[in-house]
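protein_24.txt, holding compact mmCIF, C-alpha atoms:
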```txt
# COMPACT_ATOMS: atom_id res chain seq x y z
CA MET Q 922 25.33 0.65 -9.72
CA ARG Q 923 26.61 1.34 -6.21
CA ARG Q 924 24.32 0.70 -3.27
CA THR Q 925 24.70 2.80 -0.16
CA GLY Q 926 23.10 1.38 2.95
CA TRP Q 927 21.62 3.71 5.53
CA PRO Q 928 20.42 2.54 8.94
CA ALA Q 929 16.68 2.07 9.09
CA LYS Q 930 14.75 4.57 11.14
CA ILE Q 931 13.10 3.16 14.25
CA LEU Q 932 9.44 4.06 14.07
CA VAL Q 933 8.24 5.40 17.41
CA LEU Q 934 4.49 5.82 17.71
CA SER Q 935 2.14 6.91 20.43
CA ALA Q 936 -0.02 4.17 21.87
CA ALA Q 937 -3.06 5.67 20.13
CA ALA Q 938 -1.36 5.55 16.74
CA ALA Q 939 0.32 2.18 17.11
CA VAL Q 940 -2.55 0.21 18.62
CA LEU Q 941 -6.23 1.04 18.22
CA ALA Q 942 -8.76 -1.45 19.48
CA GLY Q 943 -11.43 -1.40 16.76
CA CYS Q 944 -12.98 1.75 18.22
CA GLY Q 945 -15.33 2.94 15.53
CA SER Q 946 -16.21 6.61 15.45
CA SER Q 947 -19.76 7.84 15.57
CA GLY Q 948 -19.60 8.83 11.92
CA THR Q 949 -22.07 7.59 9.36
CA GLY Q 950 -21.11 4.51 7.34
CA THR Q 951 -21.38 4.14 3.60
CA GLY Q 952 -24.76 2.50 3.85
CA GLY Q 953 -26.20 5.33 5.93
CA SER Q 954 -26.31 3.55 9.28
CA ASN Q 955 -24.24 4.66 12.23
CA ALA Q 956 -21.07 2.65 12.83
CA ALA Q 957 -21.43 0.17 15.65
CA PRO Q 958 -19.21 0.82 18.66
CA ALA Q 959 -16.44 -1.56 19.58
CA SER Q 960 -17.02 -3.96 22.43
CA SER Q 961 -14.83 -5.94 24.76
CA GLY Q 962 -17.49 -8.61 25.03
CA ALA Q 963 -16.93 -12.26 24.28
CA ASP Q 964 -18.84 -11.93 21.01
CA PHE Q 965 -16.02 -9.80 19.56
CA ALA Q 966 -12.96 -11.50 18.09
CA THR Q 967 -9.76 -9.68 19.04
CA GLU Q 968 -7.12 -9.76 16.31
CA THR Q 969 -3.96 -7.82 15.43
CA LEU Q 970 -3.54 -6.34 11.96
CA GLY Q 971 -0.10 -5.45 10.63
CA THR Q 972 0.03 -2.46 8.28
CA VAL Q 973 2.50 0.06 6.88
CA SER Q 974 2.98 3.75 7.63
CA ASN Q 975 1.74 5.25 4.39
CA LEU Q 976 -1.46 6.41 2.70
CA MET Q 977 -1.85 3.29 0.58
CA HIS Q 978 -3.20 1.58 3.68
CA THR Q 979 -5.89 4.18 4.35
CA ASP Q 980 -8.67 1.62 4.06
CA GLU Q 981 -7.30 -0.21 7.10
CA TYR Q 982 -7.23 3.01 9.11
CA VAL Q 983 -10.73 3.92 7.92
CA ALA Q 984 -12.12 0.48 8.79
CA ALA Q 985 -11.01 1.04 12.38
CA GLN Q 986 -11.95 4.70 12.72
CA GLU Q 987 -15.35 4.40 11.07
CA GLY Q 988 -16.31 1.24 12.96
CA PHE Q 989 -16.40 -1.18 10.03
CA TYR Q 990 -14.33 -3.76 11.89
CA ALA Q 991 -16.57 -3.41 14.93
CA GLN Q 992 -19.71 -3.83 12.80
CA ASN Q 993 -18.34 -7.22 11.81
CA GLY Q 994 -17.67 -8.29 15.39
CA LEU Q 995 -13.96 -7.53 15.24
CA ASN Q 996 -11.88 -5.85 17.91
CA VAL Q 997 -8.82 -4.98 15.82
CA LYS Q 998 -5.48 -3.80 17.15
CA ILE Q 999 -3.41 -2.11 14.45
CA LYS Q 1000 0.35 -2.49 14.55
CA ILE Q 1001 2.24 -0.22 12.18
CA PHE Q 1002 5.47 -1.18 10.42
CA GLU Q 1003 7.74 0.69 8.02
CA SER Q 1004 7.56 -1.78 5.13
CA GLY Q 1005 5.55 -4.66 3.75
CA SER Q 1006 8.45 -7.03 4.32
CA ASP Q 1007 8.33 -6.16 8.03
CA VAL Q 1008 4.62 -7.05 8.08
CA THR Q 1009 5.37 -10.38 6.38
CA LYS Q 1010 8.03 -11.17 8.98
CA ALA Q 1011 5.55 -10.41 11.76
CA MET Q 1012 2.97 -12.72 10.17
CA GLN Q 1013 5.57 -15.44 9.83
CA ALA Q 1014 6.54 -14.98 13.48
CA GLY Q 1015 2.89 -15.16 14.52
CA THR Q 1016 2.75 -11.73 16.14
CA VAL Q 1017 0.05 -10.64 13.66
CA LYS Q 1018 -2.49 -12.87 11.91
CA PHE Q 1019 -3.80 -10.40 9.31
CA GLY Q 1020 -1.59 -8.06 7.35
CA SER Q 1021 -1.06 -5.87 4.34
CA ALA Q 1022 -0.29 -7.69 1.10
CA SER Q 1023 0.83 -6.31 -2.25
CA THR Q 1024 2.16 -7.12 -5.70
CA THR Q 1025 5.64 -6.87 -4.18
CA ALA Q 1026 5.12 -8.43 -0.77
CA VAL Q 1027 3.19 -11.53 -1.85
CA PRO Q 1028 5.60 -12.93 -4.48
CA SER Q 1029 8.57 -12.03 -2.27
CA ALA Q 1030 7.02 -13.90 0.65
CA ARG Q 1031 6.03 -16.91 -1.44
CA ALA Q 1032 9.48 -17.20 -2.99
CA ALA Q 1033 10.96 -17.17 0.52
CA GLY Q 1034 8.65 -19.94 1.68
CA VAL Q 1035 6.10 -17.76 3.52
CA PRO Q 1036 2.56 -18.74 2.31
CA LEU Q 1037 1.09 -15.22 2.07
CA LYS Q 1038 -2.02 -14.74 -0.08
CA LEU Q 1039 -3.90 -11.60 -1.19
CA LEU Q 1040 -7.64 -11.78 -0.47
CA VAL Q 1041 -9.01 -8.31 -1.23
CA GLY Q 1042 -7.81 -5.18 -2.98
CA GLY Q 1043 -7.65 -1.80 -1.33
CA MET Q 1044 -5.44 0.68 -3.10
CA ASN Q 1045 -6.16 -0.84 -6.49
CA ASP Q 1046 -7.59 -0.16 -9.94
CA ALA Q 1047 -9.43 -3.29 -11.05
CA THR Q 1048 -9.77 -1.91 -14.60
CA SER Q 1049 -6.03 -1.73 -15.31
CA SER Q 1050 -2.96 -3.91 -14.90
CA LEU Q 1051 -0.70 -0.84 -14.97
CA TYR Q 1052 -1.90 1.34 -12.13
CA ASP Q 1053 0.80 3.05 -10.06
CA GLY Q 1054 -0.84 6.33 -9.08
CA PRO Q 1055 0.86 6.90 -5.69
CA LEU Q 1056 4.40 6.29 -6.99
CA ALA Q 1057 6.75 8.98 -8.26
CA ILE Q 1058 10.35 10.03 -8.80
CA VAL Q 1059 11.10 13.50 -7.43
CA GLY Q 1060 14.44 15.26 -7.78
CA ARG Q 1061 16.25 18.48 -7.00
CA ALA Q 1062 16.60 21.01 -9.81
CA ASP Q 1063 19.79 22.40 -8.26
CA ARG Q 1064 21.40 18.97 -8.69
CA GLY Q 1065 20.78 19.00 -12.43
CA ILE Q 1066 17.64 16.87 -12.31
CA THR Q 1067 15.14 17.61 -15.09
CA THR Q 1068 12.11 15.84 -16.50
CA GLN Q 1069 14.48 13.96 -18.82
CA ALA Q 1070 15.48 10.46 -17.70
CA SER Q 1071 19.08 11.08 -18.79
CA SER Q 1072 19.45 13.68 -16.01
CA LEU Q 1073 19.40 10.82 -13.48
CA LYS Q 1074 22.67 9.32 -14.77
CA GLY Q 1075 25.30 9.25 -12.07
CA LYS Q 1076 22.92 10.65 -9.48
CA ARG Q 1077 22.23 9.37 -5.95
CA ILE Q 1078 18.66 8.11 -5.81
CA GLY Q 1079 16.90 7.11 -2.61
CA VAL Q 1080 14.64 4.05 -2.68
CA LEU Q 1081 13.59 1.40 -0.23
CA THR Q 1082 15.41 -1.55 -1.79
CA GLY Q 1083 13.25 -4.57 -2.51
CA SER Q 1084 10.10 -2.46 -2.38
CA THR Q 1085 7.74 -1.11 -5.01
CA THR Q 1086 9.66 2.20 -4.96
CA GLU Q 1087 12.69 0.38 -6.36
CA GLN Q 1088 10.51 -1.48 -8.87
CA TYR Q 1089 9.11 1.83 -10.09
CA LEU Q 1090 12.59 3.28 -10.56
CA GLN Q 1091 13.74 0.13 -12.37
CA ALA Q 1092 10.75 0.28 -14.72
CA TYR Q 1093 11.29 3.99 -15.43
CA LEU Q 1094 14.98 3.51 -16.18
CA GLN Q 1095 14.30 0.49 -18.39
CA LYS Q 1096 11.66 2.40 -20.33
CA ASN Q 1097 14.26 5.05 -21.07
CA GLY Q 1098 17.11 2.73 -22.06
CA MET Q 1099 18.86 2.79 -18.70
CA SER Q 1100 19.29 0.55 -15.67
CA GLU Q 1101 20.22 0.81 -12.01
CA LYS Q 1102 23.86 0.52 -13.10
CA ASP Q 1103 23.55 4.08 -14.40
CA VAL Q 1104 22.70 5.51 -10.95
CA THR Q 1105 23.75 5.14 -7.33
CA ILE Q 1106 21.04 3.52 -5.22
CA VAL Q 1107 20.75 4.77 -1.63
CA ASN Q 1108 18.67 2.48 0.58
CA LEU Q 1109 16.32 4.59 2.70
CA GLN Q 1110 13.12 3.93 4.59
CA VAL Q 1111 10.43 5.79 2.66
CA PRO Q 1112 9.43 8.05 5.59
CA ASP Q 1113 13.03 9.33 5.49
CA HIS Q 1114 12.85 10.31 1.80
CA PRO Q 1115 11.51 13.87 2.22
CA VAL Q 1116 14.12 15.00 4.76
CA SER Q 1117 16.97 13.22 2.93
CA LEU Q 1118 15.98 14.93 -0.32
CA LYS Q 1119 15.51 18.32 1.34
CA GLN Q 1120 18.91 18.12 3.07
CA GLY Q 1121 20.59 17.12 -0.17
CA ASP Q 1122 21.71 13.70 1.06
CA VAL Q 1123 20.34 12.36 -2.23
CA ASP Q 1124 19.68 13.98 -5.59
CA ALA Q 1125 16.32 12.29 -6.18
CA VAL Q 1126 14.00 9.73 -4.61
CA ALA Q 1127 11.46 7.20 -5.77
CA SER Q 1128 8.66 7.31 -3.21
CA TRP Q 1129 5.02 6.62 -2.49
CA GLU Q 1130 2.30 8.77 -0.95
CA PRO Q 1131 2.06 10.75 1.27
CA TYR Q 1132 5.79 11.32 0.94
CA VAL Q 1133 5.63 12.24 -2.75
CA SER Q 1134 3.33 15.16 -1.97
CA GLN Q 1135 5.48 16.11 1.02
CA GLU Q 1136 8.66 16.17 -1.08
CA ILE Q 1137 7.10 18.38 -3.74
CA SER Q 1138 5.72 20.76 -1.12
CA GLU Q 1139 8.92 21.06 0.91
CA LEU Q 1140 11.22 21.58 -2.08
CA GLY Q 1141 8.91 24.13 -3.66
CA SER Q 1142 10.37 25.59 -6.85
CA ASN Q 1143 13.41 23.32 -6.50
CA ALA Q 1144 11.26 20.20 -6.92
CA VAL Q 1145 11.28 18.35 -10.22
CA VAL Q 1146 8.68 15.64 -10.80
CA VAL Q 1147 10.57 13.29 -13.08
CA SER Q 1148 7.80 10.70 -13.23
CA ARG Q 1149 4.51 10.29 -11.40
CA GLY Q 1150 2.03 7.45 -11.75
CA GLU Q 1151 2.67 7.04 -15.46
CA GLY Q 1152 1.57 3.41 -15.74
CA LEU Q 1153 4.94 1.66 -15.51
CA LEU Q 1154 3.77 -1.24 -13.35
CA GLY Q 1155 0.73 -2.66 -11.64
CA TYR Q 1156 0.56 -1.68 -7.98
CA VAL Q 1157 -2.00 -3.36 -5.76
CA ILE Q 1158 -2.20 -3.22 -1.97
CA GLY Q 1159 -4.80 -5.08 0.04
CA LEU Q 1160 -5.29 -7.53 2.86
CA GLY Q 1161 -3.62 -10.90 3.13
CA VAL Q 1162 -3.25 -13.88 5.42
CA LEU Q 1163 -1.11 -16.99 5.50
CA ASP Q 1164 -2.61 -20.16 4.03
CA PRO Q 1165 -3.11 -21.89 7.42
CA THR Q 1166 -5.20 -18.94 8.63
CA LEU Q 1167 -7.34 -19.02 5.49
CA ARG Q 1168 -7.98 -22.74 5.96
CA SER Q 1169 -8.70 -22.64 9.69
CA SER Q 1170 -10.44 -19.26 10.08
CA ARG Q 1171 -12.30 -18.60 6.84
CA ALA Q 1172 -15.36 -17.08 8.57
CA LEU Q 1173 -13.07 -14.64 10.38
CA VAL Q 1174 -11.34 -13.78 7.11
CA VAL Q 1175 -14.71 -13.00 5.51
CA LYS Q 1176 -15.35 -10.44 8.26
CA PHE Q 1177 -12.06 -8.67 7.56
CA VAL Q 1178 -12.69 -8.65 3.81
CA THR Q 1179 -16.21 -7.29 4.37
CA ALA Q 1180 -14.85 -4.43 6.48
CA ALA Q 1181 -12.19 -3.66 3.86
CA ALA Q 1182 -14.74 -3.49 1.04
CA GLU Q 1183 -16.95 -1.08 2.97
CA ALA Q 1184 -13.92 1.04 3.87
CA ASP Q 1185 -12.96 1.34 0.19
CA ALA Q 1186 -16.49 2.50 -0.65
CA PHE Q 1187 -16.31 5.05 2.17
CA ILE Q 1188 -12.97 6.44 0.92
CA ARG Q 1189 -14.29 6.94 -2.60
CA LYS Q 1190 -17.17 9.03 -1.26
CA ASN Q 1191 -15.34 10.76 1.60
CA PRO Q 1192 -11.66 11.44 0.76
CA GLN Q 1193 -11.40 14.32 3.24
CA LYS Q 1194 -12.71 12.26 6.16
CA ALA Q 1195 -10.53 9.33 5.08
CA ALA Q 1196 -7.49 11.61 5.25
CA GLN Q 1197 -8.49 12.69 8.74
CA ASP Q 1198 -8.80 9.03 9.75
CA ALA Q 1199 -5.34 8.29 8.33
CA ALA Q 1200 -3.87 11.22 10.26
CA ASN Q 1201 -4.67 9.36 13.49
CA TYR Q 1202 -2.07 6.77 12.48
CA LEU Q 1203 0.47 8.83 10.53
CA PRO Q 1204 1.96 11.47 12.85
CA GLY Q 1205 2.59 14.82 11.17
CA LEU Q 1206 0.43 13.98 8.14
CA SER Q 1207 -0.98 17.01 6.34
CA VAL Q 1208 -4.68 16.25 5.98
CA THR Q 1209 -4.95 18.66 3.04
CA MET Q 1210 -2.15 16.97 1.09
CA ALA Q 1211 -3.40 13.53 2.08
CA ALA Q 1212 -6.94 14.25 0.90
CA ASP Q 1213 -5.60 15.46 -2.45
CA ALA Q 1214 -3.47 12.33 -2.85
CA ILE Q 1215 -6.31 10.00 -1.82
CA LYS Q 1216 -8.72 11.64 -4.26
CA ASN Q 1217 -6.46 12.42 -7.23
CA HIS Q 1218 -3.55 9.97 -7.14
CA MET Q 1219 -5.09 6.81 -5.73
CA LYS Q 1220 -7.94 4.47 -6.53
CA TRP Q 1221 -9.81 2.33 -4.03
CA ASP Q 1222 -11.27 -0.85 -5.46
CA PRO Q 1223 -11.49 -4.14 -3.51
CA ARG Q 1224 -12.20 -6.31 -6.57
CA LEU Q 1225 -9.56 -8.82 -7.66
CA SER Q 1226 -10.25 -8.68 -11.39
CA VAL Q 1227 -8.41 -10.18 -14.31
CA CYS Q 1228 -6.44 -6.93 -14.44
CA THR Q 1229 -5.50 -7.23 -10.78
CA GLN Q 1230 -4.42 -10.80 -11.41
CA THR Q 1231 -2.32 -9.68 -14.39
CA ALA Q 1232 -0.69 -7.01 -12.24
CA MET Q 1233 0.23 -9.64 -9.65
CA LYS Q 1234 1.66 -12.02 -12.25
CA GLU Q 1235 3.67 -9.30 -13.97
CA GLY Q 1236 4.90 -7.93 -10.65
CA ALA Q 1237 6.18 -11.36 -9.66
CA ALA Q 1238 7.82 -11.80 -13.07
CA GLN Q 1239 9.57 -8.44 -12.76
CA LEU Q 1240 10.93 -9.35 -9.33
CA PHE Q 1241 12.21 -12.64 -10.72
CA GLN Q 1242 13.83 -11.03 -13.74
CA ALA Q 1243 15.52 -8.44 -11.52
CA GLY Q 1244 16.92 -11.20 -9.31
CA ASP Q 1245 14.96 -10.02 -6.28
CA ILE Q 1246 13.24 -13.41 -5.89
CA SER Q 1247 14.71 -16.80 -6.70
CA LYS Q 1248 11.76 -18.48 -8.41
CA GLN Q 1249 8.56 -17.87 -10.32
CA VAL Q 1250 5.40 -18.05 -8.23
CA PRO Q 1251 2.10 -19.37 -9.71
CA LEU Q 1252 -0.87 -17.00 -9.49
CA PRO Q 1253 -3.15 -19.40 -7.52
CA GLU Q 1254 -0.56 -19.38 -4.72
CA MET Q 1255 -0.61 -15.59 -4.55
CA MET Q 1256 -4.30 -14.70 -4.67
CA ASP Q 1257 -7.74 -16.02 -3.68
CA THR Q 1258 -10.60 -14.15 -5.39
CA SER Q 1259 -13.48 -16.14 -3.93
CA ILE Q 1260 -14.10 -14.21 -0.72
CA ILE Q 1261 -14.27 -10.72 -2.24
CA GLY Q 1262 -16.58 -12.20 -4.88
CA GLN Q 1263 -18.81 -13.43 -2.08
CA VAL Q 1264 -18.77 -10.01 -0.40
CA GLU Q 1265 -19.63 -8.22 -3.65
CA LYS Q 1266 -22.70 -10.40 -4.11
CA ALA Q 1267 -23.79 -9.76 -0.51
CA HIS Q 1268 -23.25 -5.96 -0.64
CA PRO Q 1269 -23.72 -4.74 -4.24
CA ALA Q 1270 -24.32 -1.13 -3.13
CA TRP Q 1271 -20.68 -0.81 -2.07
CA PHE Q 1272 -19.58 -1.58 -5.63
CA ALA Q 1273 -22.27 0.27 -7.62
CA ASP Q 1274 -20.14 3.36 -8.32
CA LEU Q 1275 -17.19 1.38 -9.67
CA PRO Q 1276 -16.60 1.01 -13.43
CA PRO Q 1277 -17.15 -2.45 -14.93
CA VAL Q 1278 -14.07 -4.65 -15.09
CA PRO Q 1279 -12.90 -5.71 -18.57
CA ALA Q 1280 -13.12 -9.32 -19.72
CA ASN Q 1281 -9.46 -9.17 -20.68
CA CYS Q 1282 -6.60 -7.00 -19.58
```
Could I get this structure in the form of C-alpha cells?
Amino acid sequence: MRRTGWPAKILVLSAAAAVLAGCGSSGTGTGGSNAAPASSGADFATETLGTVSNLMHTDEYVAAQEGFYAQNGLNVKIKIFESGSDVTKAMQAGTVKFGSASTTAVPSARAAGVPLKLLVGGMNDATSSLYDGPLAIVGRADRGITTQASSLKGKRIGVLTGSTTEQYLQAYLQKNGMSEKDVTIVNLQVPDHPVSLKQGDVDAVASWEPYVSQEISELGSNAVVVSRGEGLLGYVIGLGVLDPTLRSSRALVVKFVTAAAEADAFIRKNPQKAAQDAANYLPGLSVTMAADAIKNHMKWDPRLSVCTQTAMKEGAAQLFQAGDISKQVPLPEMMDTSIIGQVEKAHPAWFADLPPVPANC
C-alpha cells in the first residue's frame, strides 16, 4: 500500500455558520411546545461545542436551530472542524468543552492519553452493533471500478486516514480477502472527496454523508456504488466530554444530553426540517439530498445500549489490530451510560417511537 498525502483544506465559514449562539428558531419542538428563545442573561450558561462538517452531526445543528439548547438554559456557540480528531485536539487544548465523540474518536483519544468519553448517542442504531448507514465506497466506472471488490486492486482510493472512512474501507477489503496493501491510499479531507473523484484525481473514495450522495449525483451514470452501509462495522456518533468536565460539571452535562435526546426525536419526525437546519452550517448542502440521507441512510437514537457498547468495543479493537492505536482501551473509560438513562426516564415520550433494545447483541 502506498499512501499519498494531500494538504488538508482550510475550512472557511461565515460567522453565522461557524458560530451560532444557541438561537432557537420559532419552530415547534417535539413535545409540541414552542422552542424557548436564547438569552444573554446570567441564567444562561455560555459554552462552545466542537462539531464536524458533515450530516452525522445533524442533531447538534438541530439542537441549536430548534432551541433545544436554549430550553435547557444553554447559550451554545458551535465551532465546526473538518474531523473528529480536530475536535479532540480542541477539547484537549481547552478551546471547546463539549464535542463530538465517536467509535473512532474516543478510543483514539484515550489511547493518546486524552480522557474523552461518550455520553449520548446521536447518529446511532441502538439495536445493532453493525450499523454504518452513512458510509460508502463510490468509484468511477470509466476507471474500471465495478461492484466487485477485485476491481479496486491497484486503484487510488481517497479516504481520511485514521477516520471511520478508512475503517470502512479496511473492513470491506478484509471481507473480500484483500487489504490496504492491494490499493493506493490517498489521504483527503472528506469534504474534498466529491471534487477529487469528479476530477479523476482518485479512482474511488470511501466517504460519509452528505458527500456520498453528492458523489453519486455529480458522477451520474459514471458512478459505481461499490459498497454502501452494508453492516461492516459499528458506527456511532454522539456527544462527549473529557473526564474532568464530567466530574466538575455534571449538571451542565445533563443539560447537553437532554438537548441532544430531544434533537434526535425531532430528526426522526422531521427529516426535511432537520436537513434545512443542517444547511445553515454546511455551505452548499443540497437540502433534498440531505433529507434523503437523513431519512433513509441514517438512524437517530441517543440510547447507549448493549449494542452501542459492543460497537465501541469492536471499533477500538479494530483500531488496535490495524495499528492505528497503541493499546486496548477498556469500555468503562470510553462510555458513560448513566446520564442518557436518566434523561430517558425523565422524558419517555422522546423515546416512545424507538424499537426496544435487545438484551444481547
Determine, counting all atoms listed in the file, which protein, DNA and RNA residues have an atom within 10 Å of an atom of stretch 1110-1119 of chain Q; residues of the same chain fewer than 5 positions away are not included. Present the result as a PDB file with C-alpha atoms, in the coordinates of the input.
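For reference, selection_3.pdb as written:
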```
ATOM      1  CA  TRP Q 927      21.620   3.710   5.530  1.00  0.00           C
ATOM      2  CA  PRO Q 928      20.420   2.540   8.940  1.00  0.00           C
ATOM      3  CA  ALA Q 929      16.680   2.070   9.090  1.00  0.00           C
ATOM      4  CA  LYS Q 930      14.750   4.570  11.140  1.00  0.00           C
ATOM      5  CA  ILE Q 931      13.100   3.160  14.250  1.00  0.00           C
ATOM      6  CA  LEU Q 932       9.440   4.060  14.070  1.00  0.00           C
ATOM      7  CA  SER Q 974       2.980   3.750   7.630  1.00  0.00           C
ATOM      8  CA  ASN Q 975       1.740   5.250   4.390  1.00  0.00           C
ATOM      9  CA  GLU Q1003       7.740   0.690   8.020  1.00  0.00           C
ATOM     10  CA  SER Q1004       7.560  -1.780   5.130  1.00  0.00           C
ATOM     11  CA  VAL Q1059      11.100  13.500  -7.430  1.00  0.00           C
ATOM     12  CA  GLY Q1060      14.440  15.260  -7.780  1.00  0.00           C
ATOM     13  CA  ARG Q1061      16.250  18.480  -7.000  1.00  0.00           C
ATOM     14  CA  ILE Q1078      18.660   8.110  -5.810  1.00  0.00           C
ATOM     15  CA  GLY Q1079      16.900   7.110  -2.610  1.00  0.00           C
ATOM     16  CA  VAL Q1080      14.640   4.050  -2.680  1.00  0.00           C
ATOM     17  CA  LEU Q1081      13.590   1.400  -0.230  1.00  0.00           C
ATOM     18  CA  THR Q1082      15.410  -1.550  -1.790  1.00  0.00           C
ATOM     19  CA  SER Q1084      10.100  -2.460  -2.380  1.00  0.00           C
ATOM     20  CA  THR Q1086       9.660   2.200  -4.960  1.00  0.00           C
ATOM     21  CA  ASP Q1124      19.680  13.980  -5.590  1.00  0.00           C
ATOM     22  CA  ALA Q1125      16.320  12.290  -6.180  1.00  0.00           C
ATOM     23  CA  VAL Q1126      14.000   9.730  -4.610  1.00  0.00           C
ATOM     24  CA  ALA Q1127      11.460   7.200  -5.770  1.00  0.00           C
ATOM     25  CA  SER Q1128       8.660   7.310  -3.210  1.00  0.00           C
ATOM     26  CA  TRP Q1129       5.020   6.620  -2.490  1.00  0.00           C
ATOM     27  CA  GLU Q1130       2.300   8.770  -0.950  1.00  0.00           C
ATOM     28  CA  PRO Q1131       2.060  10.750   1.270  1.00  0.00           C
ATOM     29  CA  TYR Q1132       5.790  11.320   0.940  1.00  0.00           C
ATOM     30  CA  VAL Q1133       5.630  12.240  -2.750  1.00  0.00           C
ATOM     31  CA  SER Q1134       3.330  15.160  -1.970  1.00  0.00           C
ATOM     32  CA  GLN Q1135       5.480  16.110   1.020  1.00  0.00           C
ATOM     33  CA  GLU Q1136       8.660  16.170  -1.080  1.00  0.00           C
ATOM     34  CA  ILE Q1137       7.100  18.380  -3.740  1.00  0.00           C
ATOM     35  CA  SER Q1138       5.720  20.760  -1.120  1.00  0.00           C
ATOM     36  CA  GLU Q1139       8.920  21.060   0.910  1.00  0.00           C
ATOM     37  CA  LEU Q1140      11.220  21.580  -2.080  1.00  0.00           C
ATOM     38  CA  ASN Q1143      13.410  23.320  -6.500  1.00  0.00           C
ATOM     39  CA  ALA Q1144      11.260  20.200  -6.920  1.00  0.00           C
TER      40      ALA Q1144
END
```
*All residues 12 Å or closer to Q:Ala1180, all atoms listed in the file, same chain fewer than 3 positions away omitted, as number ranges by chain*: Q: 943, 945, 950-951, 956, 980-997, 1041-1043, 1159-1160, 1173-1177, 1183-1187, 1223, 1261, 1264-1265, 1268, 1271
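Nearest-residue note for Q:Ser1023: choosing from Q:Thr1068, Q:Gln1230, Q:Asn1108, Q:Ser1148, the minimum distance belongs to Q:Gln1230, counting all atoms listed in the file.
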*Mind pulling up the distance from atom CA of Q:Ala1172 to atom CA of Q:Leu976?*
27.9 Å
*Please return, as a PyMOL selection string, all polymer residues that have at least one atom within 10 Å of the point (-3.0, -3.4, -5.3); use all atoms listed in the file and the file's own coordinate frame.*
chain Q and resi 977+1022-1025+1039+1041-1047+1050+1052-1053+1155-1160+1220-1225+1229-1230+1232-1233
Around all the atoms of stretch 1186-1204 of chain Q listed in the file, with 8 Å of room on each side, what axis-aligned box do you get, giving centre and edge lengths in Å to one decimal, as AutoDock Vina command-line options?
```
--center_x -7.6 --center_y 8.4 --center_z 5.4 --size_x 35.1 --size_y 27.8 --size_z 32.1
```
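Residue nearest Q:Val1178 within the list Q:Gln1013, Q:Gly1020, Q:Gln1193, Q:Ile1246: Q:Gly1020 [criterion: smallest interatomic distance, only C-alpha atoms].
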*Return the single residue from Q:Ile1066, Q:Val1208, Q:Val1250, Q:Ile1260 that is closest to Q:Ala1238, with distances computed using all atoms listed in the file.*
Q:Val1250
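Atom CA of Q:Leu1252 sits 14.8 Å away from atom CA of Q:Val1035.
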*Which residue out of Q:Gly1262, Q:Gly1075, Q:Pro1269, Q:Gly971 has the minimum interatomic distance to Q:Ser1100 when only C-alpha atoms are used?*
Q:Gly1075
